[in-house]
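*Asks:* This is input_21.pdb, which holds PDB, C-alpha atoms, pLDDT in the B column:
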```
ATOM      1  CA  MET A  24      -5.513  23.924 -21.055  1.00 77.00           C
ATOM      2  CA  LYS A  25      -8.459  22.957 -23.208  1.00 86.00           C
ATOM      3  CA  LEU A  26      -8.816  19.384 -24.445  1.00 90.00           C
ATOM      4  CA  SER A  27     -10.586  18.482 -27.642  1.00 93.00           C
ATOM      5  CA  ARG A  28     -13.679  16.320 -27.403  1.00 94.00           C
ATOM      6  CA  SER A  29     -11.932  13.348 -29.033  1.00 94.00           C
ATOM      7  CA  VAL A  30      -8.927  13.550 -26.688  1.00 96.00           C
ATOM      8  CA  SER A  31     -11.261  13.815 -23.708  1.00 96.00           C
ATOM      9  CA  TRP A  32     -13.156  10.697 -24.781  1.00 97.00           C
ATOM     10  CA  PHE A  33      -9.885   8.864 -25.372  1.00 97.00           C
ATOM     11  CA  LEU A  34      -8.646   9.718 -21.870  1.00 97.00           C
ATOM     12  CA  LEU A  35     -11.950   8.671 -20.327  1.00 97.00           C
ATOM     13  CA  ALA A  36     -11.915   5.396 -22.263  1.00 97.00           C
ATOM     14  CA  PHE A  37      -8.309   4.788 -21.230  1.00 97.00           C
ATOM     15  CA  GLY A  38      -9.223   5.261 -17.564  1.00 97.00           C
ATOM     16  CA  VAL A  39     -12.100   2.793 -17.816  1.00 97.00           C
ATOM     17  CA  TRP A  40      -9.968   0.321 -19.782  1.00 97.00           C
ATOM     18  CA  SER A  41      -7.221   0.543 -17.182  1.00 96.00           C
ATOM     19  CA  TRP A  42      -9.655  -0.342 -14.403  1.00 94.00           C
ATOM     20  CA  VAL A  43     -11.167  -3.257 -16.340  1.00 96.00           C
ATOM     21  CA  ILE A  44      -7.791  -4.760 -17.193  1.00 96.00           C
ATOM     22  CA  TRP A  45      -6.124  -4.303 -13.809  1.00 94.00           C
ATOM     23  CA  VAL A  46      -9.138  -5.391 -11.726  1.00 93.00           C
ATOM     24  CA  THR A  47      -9.238  -8.585 -13.767  1.00 95.00           C
ATOM     25  CA  PHE A  48      -5.491  -9.017 -13.327  1.00 95.00           C
ATOM     26  CA  ALA A  49      -5.693  -8.425  -9.554  1.00 93.00           C
ATOM     27  CA  LYS A  50      -8.475 -11.013  -9.217  1.00 94.00           C
ATOM     28  CA  ASN A  51      -6.433 -13.532 -11.187  1.00 95.00           C
ATOM     29  CA  LEU A  52      -3.335 -12.722  -9.138  1.00 93.00           C
ATOM     30  CA  ALA A  53      -5.213 -13.356  -5.889  1.00 92.00           C
ATOM     31  CA  LYS A  54      -6.424 -16.743  -7.196  1.00 93.00           C
ATOM     32  CA  ASP A  55      -3.062 -17.775  -8.670  1.00 90.00           C
ATOM     33  CA  GLY A  56      -2.439 -21.474  -8.350  1.00 84.00           C
ATOM     34  CA  SER A  57       0.713 -21.712 -10.444  1.00 89.00           C
ATOM     35  CA  GLY A  58       3.082 -21.107  -7.547  1.00 88.00           C
ATOM     36  CA  LEU A  59       4.263 -17.731  -8.772  1.00 93.00           C
ATOM     37  CA  ALA A  60       2.208 -15.480  -6.498  1.00 94.00           C
ATOM     38  CA  PHE A  61       2.150 -17.732  -3.429  1.00 95.00           C
ATOM     39  CA  ASP A  62       4.665 -20.193  -2.078  1.00 93.00           C
ATOM     40  CA  ASP A  63       3.853 -23.699  -0.831  1.00 91.00           C
ATOM     41  CA  ALA A  64       2.888 -22.343   2.602  1.00 92.00           C
ATOM     42  CA  GLY A  65       0.438 -19.896   0.996  1.00 91.00           C
ATOM     43  CA  ASN A  66       2.517 -16.808   1.704  1.00 94.00           C
ATOM     44  CA  PRO A  67       2.766 -14.059  -0.941  1.00 95.00           C
ATOM     45  CA  THR A  68       5.973 -14.068  -2.977  1.00 96.00           C
ATOM     46  CA  ALA A  69       7.956 -11.151  -4.386  1.00 96.00           C
ATOM     47  CA  TYR A  70       6.126 -11.737  -7.691  1.00 96.00           C
ATOM     48  CA  PHE A  71       2.830 -11.087  -5.911  1.00 96.00           C
ATOM     49  CA  TRP A  72       4.013  -7.878  -4.224  1.00 96.00           C
ATOM     50  CA  VAL A  73       5.570  -6.441  -7.385  1.00 97.00           C
ATOM     51  CA  HIS A  74       2.467  -7.130  -9.454  1.00 96.00           C
ATOM     52  CA  LEU A  75       0.179  -5.837  -6.727  1.00 95.00           C
ATOM     53  CA  ALA A  76       2.196  -2.589  -6.709  1.00 97.00           C
ATOM     54  CA  LEU A  77       1.847  -2.388 -10.513  1.00 96.00           C
ATOM     55  CA  ALA A  78      -1.909  -2.902 -10.257  1.00 95.00           C
ATOM     56  CA  ILE A  79      -2.323  -0.253  -7.542  1.00 95.00           C
ATOM     57  CA  THR A  80      -0.220   2.228  -9.497  1.00 96.00           C
ATOM     58  CA  SER A  81      -2.286   1.543 -12.605  1.00 96.00           C
ATOM     59  CA  PHE A  82      -5.531   2.014 -10.642  1.00 95.00           C
ATOM     60  CA  ILE A  83      -4.322   5.402  -9.435  1.00 96.00           C
ATOM     61  CA  LEU A  84      -3.063   6.537 -12.850  1.00 97.00           C
ATOM     62  CA  GLY A  85      -6.121   5.165 -14.638  1.00 97.00           C
ATOM     63  CA  THR A  86      -8.385   7.008 -12.227  1.00 97.00           C
ATOM     64  CA  ALA A  87      -6.483  10.288 -12.649  1.00 97.00           C
ATOM     65  CA  ILE A  88      -6.486  10.001 -16.445  1.00 97.00           C
ATOM     66  CA  GLY A  89     -10.158   9.023 -16.472  1.00 97.00           C
ATOM     67  CA  VAL A  90     -11.077  12.005 -14.288  1.00 97.00           C
ATOM     68  CA  ILE A  91      -9.213  14.366 -16.630  1.00 97.00           C
ATOM     69  CA  GLY A  92     -11.056  12.823 -19.574  1.00 96.00           C
ATOM     70  CA  PHE A  93     -14.426  13.034 -17.791  1.00 96.00           C
ATOM     71  CA  ARG A  94     -13.881  16.691 -16.968  1.00 95.00           C
ATOM     72  CA  GLY A  95     -12.900  17.346 -20.569  1.00 95.00           C
ATOM     73  CA  VAL A  96     -15.999  15.597 -21.914  1.00 94.00           C
ATOM     74  CA  ARG A  97     -18.204  17.471 -19.472  1.00 94.00           C
ATOM     75  CA  ALA A  98     -16.599  20.814 -20.376  1.00 92.00           C
ATOM     76  CA  ALA A  99     -16.958  20.129 -24.116  1.00 86.00           C
ATOM     77  CA  LYS A 100     -20.722  19.716 -23.742  1.00 79.00           C
ATOM     78  CA  LYS A 101     -21.160  23.255 -22.375  1.00 70.00           C
TER      79      LYS A 101
END
```
Take the structure from the file and write it as structure tokens.

*Replies:*
Amino acid sequence: MKLSRSVSWFLLAFGVWSWVIWVTFAKNLAKDGSGLAFDDAGNPTAYFWVHLALAITSFILGTAIGVIGFRGVRAAKK
């Protein structure tokens, strides 16, 4: 399948955006002081584990989409 240059750039931008957003979210999750992510004893809660799984999944998908976009951009330049 051949991607257009604009679609390739969109996919690459989406991959980068996904990493920026979810890295920021993961940092904020780790520093959470509201009591949602960690209980009073400092142990992770179900909220923490669910959102960590969402972040990891988004890292993986963002990376895969970004790689597809990067390959498309690189192929369009040839």

*Asks:* Selected by the PyMOL selection byres ((chain A and resi 24) around 12) in the shown coordinates: which residues, as an MDAnalysis selection string?

*Replies:* chainID A and resid 25:27 31 91 94:95 98

*Asks:* Hey, what's within 8 Å of segment 41-55 of chain A if we count all atoms listed in the file and toss same-chain stuff fewer than 2 positions away? As a list in words, please?

*Replies:*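 Counting all atoms listed in the file, the residues come to Phe37, Gly38, Val39, Ser57, Gly58, Leu59, Ala60, Phe61, Phe71, Leu75, Ala78, Ser81, Phe82, Gly85 and Thr86 of chain A.
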
*Asks:* In Å, how far is it from atom CA of Phe33 of chain A to atom CA of Ala76 of chain A?

*Replies:* 25.0 Å

*Asks:* For atom CA of Phe93 of chain A and atom CA of Leu34 of chain A, quote the distance in Å rounded to one decimal.

*Replies:* 7.8 Å

*Asks:* Provide an axis-aligned box for all listed atoms of segment 59-63 of chain A, padding each side by 6 Å; report its centre and its edge lengths in Å to one decimal, as JSON.

*Replies:*
```
{"center_x": 3.4, "center_y": -19.6, "center_z": -4.8, "size_x": 14.5, "size_y": 20.2, "size_z": 19.9}
```
